[in-house]
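Containing mmCIF, C-alpha atoms and all ligand atoms: model_5.cif.
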```cif
data_upload
#
loop_
_atom_site.label_atom_id
_atom_site.label_comp_id
_atom_site.auth_asym_id
_atom_site.auth_seq_id
_atom_site.Cartn_x
_atom_site.Cartn_y
_atom_site.Cartn_z
CA MET A 1 -3.09 -9.08 15.09
CA LYS A 2 -2.37 -10.18 11.54
CA LEU A 3 -3.96 -7.66 9.21
CA ILE A 4 -4.25 -6.89 5.52
CA LEU A 5 -4.91 -3.41 4.10
CA LEU A 6 -6.58 -3.67 0.72
CA GLY A 7 -7.56 -0.87 -1.61
CA PRO A 8 -6.73 0.82 -4.89
CA PRO A 9 -3.53 2.77 -5.52
CA GLY A 10 -3.71 6.05 -3.61
CA ALA A 11 -6.48 4.87 -1.27
CA GLY A 12 -4.28 5.82 1.67
CA LYS A 13 -2.99 2.34 2.59
CA GLY A 14 0.51 3.57 3.41
CA THR A 15 -0.79 6.62 5.29
CA GLN A 16 -3.17 4.53 7.42
CA ALA A 17 -0.73 1.64 7.83
CA ALA A 18 1.74 3.93 9.59
CA LYS A 19 -0.95 4.94 12.11
CA ILE A 20 -2.28 1.42 12.68
CA ALA A 21 1.21 -0.07 13.06
CA GLU A 22 2.15 2.57 15.62
CA ARG A 23 -1.06 2.23 17.65
CA TYR A 24 -0.98 -1.57 17.89
CA SER A 25 2.84 -2.09 17.69
CA LEU A 26 2.61 -4.10 14.48
CA ALA A 27 5.31 -4.57 11.85
CA HIS A 28 4.31 -2.55 8.76
CA ILE A 29 5.09 -4.61 5.67
CA SER A 30 4.67 -2.68 2.41
CA THR A 31 5.64 -4.75 -0.62
CA GLY A 32 5.82 -1.53 -2.68
CA ASP A 33 8.33 -0.03 -0.20
CA MET A 34 10.33 -3.29 -0.18
CA LEU A 35 10.50 -3.28 -3.99
CA ARG A 36 11.50 0.41 -4.09
CA ALA A 37 14.31 -0.37 -1.60
CA GLU A 38 15.52 -3.13 -3.97
CA ILE A 39 15.42 -0.65 -6.86
CA ALA A 40 17.40 1.95 -4.87
CA SER A 41 20.04 -0.70 -4.03
CA LYS A 42 20.14 -1.84 -7.69
CA THR A 43 19.80 -5.52 -6.71
CA PRO A 44 18.95 -8.04 -9.48
CA LEU A 45 15.37 -8.09 -8.18
CA GLY A 46 15.24 -4.28 -8.15
CA ILE A 47 16.52 -4.08 -11.72
CA LYS A 48 13.87 -6.60 -12.86
CA ALA A 49 11.08 -4.89 -10.88
CA LYS A 50 11.79 -1.30 -11.94
CA SER A 51 10.36 -1.42 -15.46
CA LEU A 52 7.27 -3.32 -14.25
CA ILE A 53 6.58 -0.85 -11.44
CA ASP A 54 7.24 2.22 -13.58
CA SER A 55 4.75 0.97 -16.16
CA GLY A 56 2.13 0.13 -13.51
CA GLU A 57 2.28 -3.66 -13.96
CA LEU A 58 2.46 -6.14 -11.10
CA VAL A 59 5.68 -7.92 -10.17
CA PRO A 60 5.32 -11.73 -10.64
CA ASP A 61 3.58 -13.60 -7.81
CA GLU A 62 6.43 -16.03 -7.11
CA ILE A 63 8.85 -13.17 -6.37
CA ILE A 64 6.44 -11.32 -4.09
CA VAL A 65 5.20 -14.38 -2.21
CA GLY A 66 8.75 -15.50 -1.33
CA MET A 67 9.61 -11.97 -0.20
CA VAL A 68 6.63 -11.74 2.17
CA GLN A 69 7.03 -15.29 3.48
CA ASN A 70 10.61 -14.45 4.53
CA ARG A 71 9.65 -11.08 5.92
CA ILE A 72 6.94 -12.33 8.29
CA GLN A 73 9.39 -14.75 9.86
CA GLN A 74 11.47 -11.83 11.19
CA PRO A 75 11.37 -11.24 14.98
CA ASP A 76 9.56 -7.90 14.68
CA CYS A 77 6.52 -9.71 13.23
CA GLN A 78 5.98 -11.88 16.32
CA ASN A 79 3.62 -9.33 17.88
CA GLY A 80 1.65 -9.20 14.63
CA PHE A 81 1.94 -7.52 11.26
CA LEU A 82 0.10 -5.33 8.83
CA LEU A 83 0.37 -6.16 5.12
CA ASP A 84 0.12 -3.05 2.89
CA GLY A 85 -0.18 -3.81 -0.84
CA PHE A 86 -0.09 -7.59 -0.43
CA PRO A 87 -1.82 -9.79 -1.46
CA ARG A 88 -2.70 -8.30 -4.83
CA THR A 89 -3.83 -11.36 -6.77
CA ILE A 90 -5.92 -14.40 -5.85
CA ALA A 91 -2.79 -16.56 -6.20
CA GLN A 92 -0.92 -14.37 -3.69
CA ALA A 93 -3.85 -14.56 -1.26
CA GLU A 94 -4.09 -18.36 -1.51
CA ASN A 95 -0.34 -18.66 -0.92
CA LEU A 96 -0.52 -16.31 2.05
CA LEU A 97 -3.30 -18.30 3.73
CA GLY A 98 -1.14 -21.41 3.21
CA PHE A 99 1.68 -20.04 5.38
CA SER A 100 -0.11 -17.68 7.79
CA ASP A 101 -3.51 -17.15 9.34
CA ILE A 102 -5.08 -13.68 8.98
CA ASP A 103 -7.46 -11.95 11.42
CA CYS A 104 -8.92 -9.28 9.18
CA ALA A 105 -8.65 -7.68 5.72
CA VAL A 106 -9.63 -3.99 5.79
CA CYS A 107 -10.48 -2.57 2.36
CA ILE A 108 -10.24 1.23 1.99
CA THR A 109 -12.45 2.51 -0.83
CA VAL A 110 -11.99 5.85 -2.61
CA PRO A 111 -13.56 6.99 -5.94
CA ASP A 112 -11.21 7.01 -8.96
CA GLU A 113 -11.41 10.81 -9.51
CA GLU A 114 -10.22 11.42 -5.97
CA ILE A 115 -7.39 8.93 -6.43
CA ILE A 116 -6.18 10.65 -9.60
CA ASP A 117 -6.12 13.99 -7.74
CA ARG A 118 -4.29 12.49 -4.74
CA MET A 119 -1.61 10.88 -6.89
CA ALA A 120 -0.95 14.16 -8.73
CA ARG A 121 -0.37 15.79 -5.33
CA ARG A 122 1.69 13.02 -3.74
CA ARG A 123 5.37 13.71 -3.04
CA VAL A 124 7.69 11.42 -1.12
CA CYS A 125 10.91 11.95 0.77
CA PRO A 126 13.68 10.06 -1.04
CA VAL A 127 15.53 9.63 2.28
CA CYS A 128 13.01 8.74 5.02
CA LYS A 129 10.16 7.78 2.64
CA ASN A 130 7.56 9.99 4.37
CA THR A 131 4.59 10.76 2.12
CA TYR A 132 3.12 14.24 1.65
CA SER A 133 0.29 15.82 -0.27
CA VAL A 134 1.31 19.16 -1.84
CA ASP A 135 -0.32 22.05 -3.68
CA VAL A 136 0.43 21.24 -7.32
CA ASN A 137 -0.30 24.81 -8.42
CA SER A 138 2.46 26.21 -6.26
CA ALA A 139 5.82 27.00 -7.89
CA GLU A 140 7.57 26.21 -4.60
CA HIS A 141 9.93 23.32 -3.96
CA PHE A 142 8.87 21.08 -1.07
CA PHE A 143 11.08 19.61 1.64
CA CYS A 144 10.69 16.77 4.15
CA GLU A 145 9.59 17.95 7.60
CA ALA A 146 11.65 15.19 9.23
CA CYS A 147 15.01 15.33 7.42
CA GLY A 148 14.91 18.39 5.14
CA ALA A 149 15.47 16.45 1.86
CA GLU A 150 13.73 17.76 -1.24
CA LEU A 151 10.52 15.82 -1.96
CA VAL A 152 10.08 13.99 -5.26
CA ALA A 153 7.16 12.48 -7.22
CA ARG A 154 7.06 8.67 -7.55
CA ASP A 155 7.97 7.45 -11.06
CA ASP A 156 4.69 5.51 -11.23
CA ASP A 157 2.53 8.55 -10.31
CA LYS A 158 2.42 9.98 -13.86
CA PRO A 159 -1.29 10.39 -14.81
CA GLU A 160 -1.17 7.75 -17.58
CA THR A 161 0.50 5.22 -15.29
CA VAL A 162 -2.00 5.92 -12.50
CA LYS A 163 -4.86 5.17 -14.92
CA HIS A 164 -3.21 1.88 -15.87
CA ARG A 165 -2.63 1.00 -12.20
CA LEU A 166 -6.34 1.53 -11.57
CA ASP A 167 -7.16 -0.88 -14.44
CA VAL A 168 -4.71 -3.44 -13.08
CA TYR A 169 -6.31 -3.05 -9.64
CA ALA A 170 -9.82 -3.61 -11.06
CA ALA A 171 -8.78 -6.69 -13.02
CA GLN A 172 -6.37 -8.42 -10.65
CA THR A 173 -6.79 -7.09 -7.11
CA PHE A 174 -10.45 -6.10 -6.71
CA PRO A 175 -11.52 -9.81 -6.86
CA LEU A 176 -9.82 -10.15 -3.45
CA VAL A 177 -12.66 -8.16 -1.88
CA ASN A 178 -15.05 -11.07 -2.56
CA PHE A 179 -12.35 -13.61 -1.75
CA PHE A 180 -11.98 -12.24 1.80
CA ARG A 181 -15.71 -11.54 2.15
CA GLU A 182 -16.49 -15.19 1.46
CA LYS A 183 -13.99 -16.15 4.17
CA GLY A 184 -15.70 -13.81 6.66
CA LEU A 185 -12.53 -11.70 6.98
CA LEU A 186 -13.54 -8.53 5.10
CA GLU A 187 -14.20 -5.10 6.62
CA GLU A 188 -14.82 -2.08 4.38
CA VAL A 189 -13.99 1.53 5.22
CA CYS A 190 -14.75 4.72 3.30
CA GLY A 191 -11.38 6.35 2.59
CA SER A 192 -12.74 9.74 1.50
CA GLY A 193 -12.66 11.57 4.85
CA THR A 194 -9.64 13.25 6.39
CA VAL A 195 -6.68 11.07 7.33
CA ASP A 196 -7.78 11.15 11.00
CA GLU A 197 -11.41 10.35 10.20
CA VAL A 198 -10.39 7.31 8.16
CA ALA A 199 -8.00 6.21 10.93
CA GLN A 200 -10.78 6.46 13.53
CA SER A 201 -13.09 4.29 11.38
CA ILE A 202 -10.36 1.66 11.09
CA PHE A 203 -9.55 1.70 14.82
CA LYS A 204 -13.26 1.24 15.59
CA ILE A 205 -13.37 -1.89 13.41
CA LEU A 206 -10.18 -3.32 14.86
CA GLU A 207 -11.33 -2.77 18.43
CA LYS A 208 -14.64 -4.61 17.87
P1 LIG B 1 2.53 0.21 -3.88
O1 LIG B 1 3.64 1.03 -3.44
O2 LIG B 1 1.90 -0.75 -2.94
O3 LIG B 1 1.46 1.16 -4.53
P2 LIG B 1 -0.14 1.13 -4.55
O4 LIG B 1 -0.86 -0.04 -4.00
O5 LIG B 1 -0.45 1.42 -5.96
O6 LIG B 1 -0.57 2.18 -3.55
P3 LIG B 1 0.13 3.55 -3.27
O7 LIG B 1 1.33 3.35 -2.42
O8 LIG B 1 0.29 4.29 -4.55
O9 LIG B 1 -1.03 4.28 -2.47
P4 LIG B 1 -1.46 4.14 -0.95
O10 LIG B 1 -2.78 3.43 -0.91
O11 LIG B 1 -0.36 3.62 -0.10
O12 LIG B 1 -1.74 5.67 -0.63
P5 LIG B 1 -0.89 6.75 0.21
O13 LIG B 1 -1.07 6.49 1.67
O14 LIG B 1 0.50 6.88 -0.31
O15 LIG B 1 2.99 -0.64 -5.15
C1 LIG B 1 3.71 -0.02 -6.21
C2 LIG B 1 3.99 -1.05 -7.28
O16 LIG B 1 4.80 -2.11 -6.74
C3 LIG B 1 2.77 -1.77 -7.88
O17 LIG B 1 2.18 -1.03 -8.91
C4 LIG B 1 3.42 -3.05 -8.37
O18 LIG B 1 4.12 -2.84 -9.57
C5 LIG B 1 4.44 -3.37 -7.29
N1 LIG B 1 3.88 -4.20 -6.23
C6 LIG B 1 3.72 -3.86 -4.92
N2 LIG B 1 3.16 -4.85 -4.22
C7 LIG B 1 2.95 -5.87 -5.11
C8 LIG B 1 2.36 -7.15 -5.01
N3 LIG B 1 1.87 -7.61 -3.86
N4 LIG B 1 2.31 -7.91 -6.13
C9 LIG B 1 2.80 -7.48 -7.31
N5 LIG B 1 3.36 -6.26 -7.48
C10 LIG B 1 3.43 -5.46 -6.39
O19 LIG B 1 -1.72 8.06 -0.14
C11 LIG B 1 -1.70 8.60 -1.47
C12 LIG B 1 -1.67 10.13 -1.42
O20 LIG B 1 -2.90 10.58 -0.85
C13 LIG B 1 -0.56 10.72 -0.52
O21 LIG B 1 -0.10 11.94 -1.07
C14 LIG B 1 -1.27 10.96 0.82
O22 LIG B 1 -0.65 12.03 1.54
C15 LIG B 1 -2.67 11.33 0.35
N6 LIG B 1 -3.72 10.90 1.30
C16 LIG B 1 -3.76 9.77 2.05
N7 LIG B 1 -4.90 9.71 2.77
C17 LIG B 1 -5.61 10.85 2.44
C18 LIG B 1 -6.88 11.36 2.85
N8 LIG B 1 -7.66 10.70 3.73
N9 LIG B 1 -7.28 12.53 2.32
C19 LIG B 1 -6.51 13.21 1.42
N10 LIG B 1 -5.28 12.77 0.99
C20 LIG B 1 -4.86 11.61 1.51
MG MG B 2 1.58 2.88 -0.47
#
```

Take the structure in the file and write it out as structure tokens.
Ligand code: AP5
Ligand code: MG
Amino acid sequence: MKLILLGPPGAGKGTQAAKIAERYSLAHISTGDMLRAEIASKTPLGIKAKSLIDSGELVPDEIIVGMVQNRIQQPDCQNGFLLDGFPRTIAQAENLLGFSDIDCAVCITVPDEEIIDRMARRRVCPVCKNTYSVDVNSAEHFFCEACGAELVARDDDKPETVKHRLDVYAAQTFPLVNFFREKGLLEEVCGSGTVDEVAQSIFKILEK
């Protein structure tokens, strides 16, 4: 299977991608995670990408397209892959379809108010990158269940940046919903249930 997970920031793409990739033994390719790894390693690409990501802007298409094209040639993608956060512009989607076929694009939809609440609660493990949702009213510190590291907020999860990311999504990424619909590849899923409810809806679609 060659899949795309579409949806606004905070829709639960990363959360669901982990479940889908495990169930169907697919390589999980998150362009956001790849860029954050470049930032952590202070590579030239990471240094260039950091200010764009922190301000909620997209990284230029030519950088992202080359990164994904290389990534899907790796041996772990031979059994199929799941793209999380790519494509994000029409140009990226047209490039992708030039170098790979795609079986299905699943779009997870969640209302903006719910997204803003989720982003305020999101904490990530700086070591193993696991994502959590915490009680923001608690004075406690939070630690990763897998490795014990203290959880942190993402630099682009500040409320103002989240609002801008939603605008960028509406202007540049939302048009992909029609793009894939016109190609007969689109499936839409309501992302407002529990994590397991959303996962079950996606599995049902993929097993059709
Ligand atoms: P990226 O990392 O891809 O961010 P995003 O698309 O904005 O999406 P998020 O990762 O914020 O959210 P998500 O949908 O994965 O939700 P999650 O599962 O974490 O990209 C970051 C930046 O990199 C971009 O802004 C851009 O600058 C750059 N970039 C990346 N790809 C690019 C590209 N292709 N082109 C150009 N630039 C690119 O869930 C969110 C929270 O909600 C978590 O706390 C989670 O625990 C919780 N949650 C999940 N599901 C549920 C549920 N069902 N109920 C309640 N809470 C839930
Ligand atoms: Mg994500």

Open item on the list: Could you list the protein, DNA and RNA residues that have any atom within 7 Å of ligand LIG 1 (chain B), counting all atoms listed in the file, and write them as a count of residues only?
Closed with: 44

Is there a way to get, as a CSV table (one decimal) with C-alpha atoms, in the frame of the given file, all residues within 12 Å of the point (13.3, -6.3, -4.1) in file coordinates, counting all atoms listed in the file?
```csv
chain,number,residue,atom,x,y,z
A,30,SER,CA,4.7,-2.7,2.4
A,31,THR,CA,5.6,-4.8,-0.6
A,32,GLY,CA,5.8,-1.5,-2.7
A,33,ASP,CA,8.3,0.0,-0.2
A,34,MET,CA,10.3,-3.3,-0.2
A,35,LEU,CA,10.5,-3.3,-4.0
A,36,ARG,CA,11.5,0.4,-4.1
A,37,ALA,CA,14.3,-0.4,-1.6
A,38,GLU,CA,15.5,-3.1,-4.0
A,39,ILE,CA,15.4,-0.6,-6.9
A,40,ALA,CA,17.4,2.0,-4.9
A,41,SER,CA,20.0,-0.7,-4.0
A,42,LYS,CA,20.1,-1.8,-7.7
A,43,THR,CA,19.8,-5.5,-6.7
A,44,PRO,CA,19.0,-8.0,-9.5
A,45,LEU,CA,15.4,-8.1,-8.2
A,46,GLY,CA,15.2,-4.3,-8.2
A,47,ILE,CA,16.5,-4.1,-11.7
A,48,LYS,CA,13.9,-6.6,-12.9
A,49,ALA,CA,11.1,-4.9,-10.9
A,50,LYS,CA,11.8,-1.3,-11.9
A,53,ILE,CA,6.6,-0.8,-11.4
A,59,VAL,CA,5.7,-7.9,-10.2
A,60,PRO,CA,5.3,-11.7,-10.6
A,63,ILE,CA,8.8,-13.2,-6.4
A,64,ILE,CA,6.4,-11.3,-4.1
A,65,VAL,CA,5.2,-14.4,-2.2
A,66,GLY,CA,8.8,-15.5,-1.3
A,67,MET,CA,9.6,-12.0,-0.2
A,68,VAL,CA,6.6,-11.7,2.2
A,71,ARG,CA,9.6,-11.1,5.9
```

At a cut-off of 9 Å, using all atoms listed in the file, what residues contact Asp101 of chain A? Leave out same-chain residues fewer than 4 positions from it and give the result as a PyMOL selection string.
chain A and resi 2+96-97

Just-selected residues, C-alpha atoms written as a JSON list (two decimals), keeping the file's coordinate frame:
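Result saved to again-v1.json:
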```json
[["chain", "number", "residue", "atom", "x", "y", "z"],
["A", 2, "LYS", "CA", -2.37, -10.18, 11.54],
["A", 96, "LEU", "CA", -0.52, -16.31, 2.05],
["A", 97, "LEU", "CA", -3.30, -18.30, 3.73]]
```

### Task
Grab the atom CA of Ala27 of chain A to atom CA of Gln73 of chain A distance for me, in Å with one decimal place.
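If I compute the distance from atom CA of Ala27 of chain A to atom CA of Gln73 of chain A, I get 11.1 Å.
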
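Distance annotation: of A:Ala91, A:Asn137, A:Glu62, A:Ala17, the residue with the minimal separation from ligand MG 2 (chain B) is A:Ala17; atom set is only C-alpha atoms and all ligand atoms.
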
Atom CA of Asn95 of chain A sits from atom CA of Ala18 of chain A at a separation of 25.0 Å
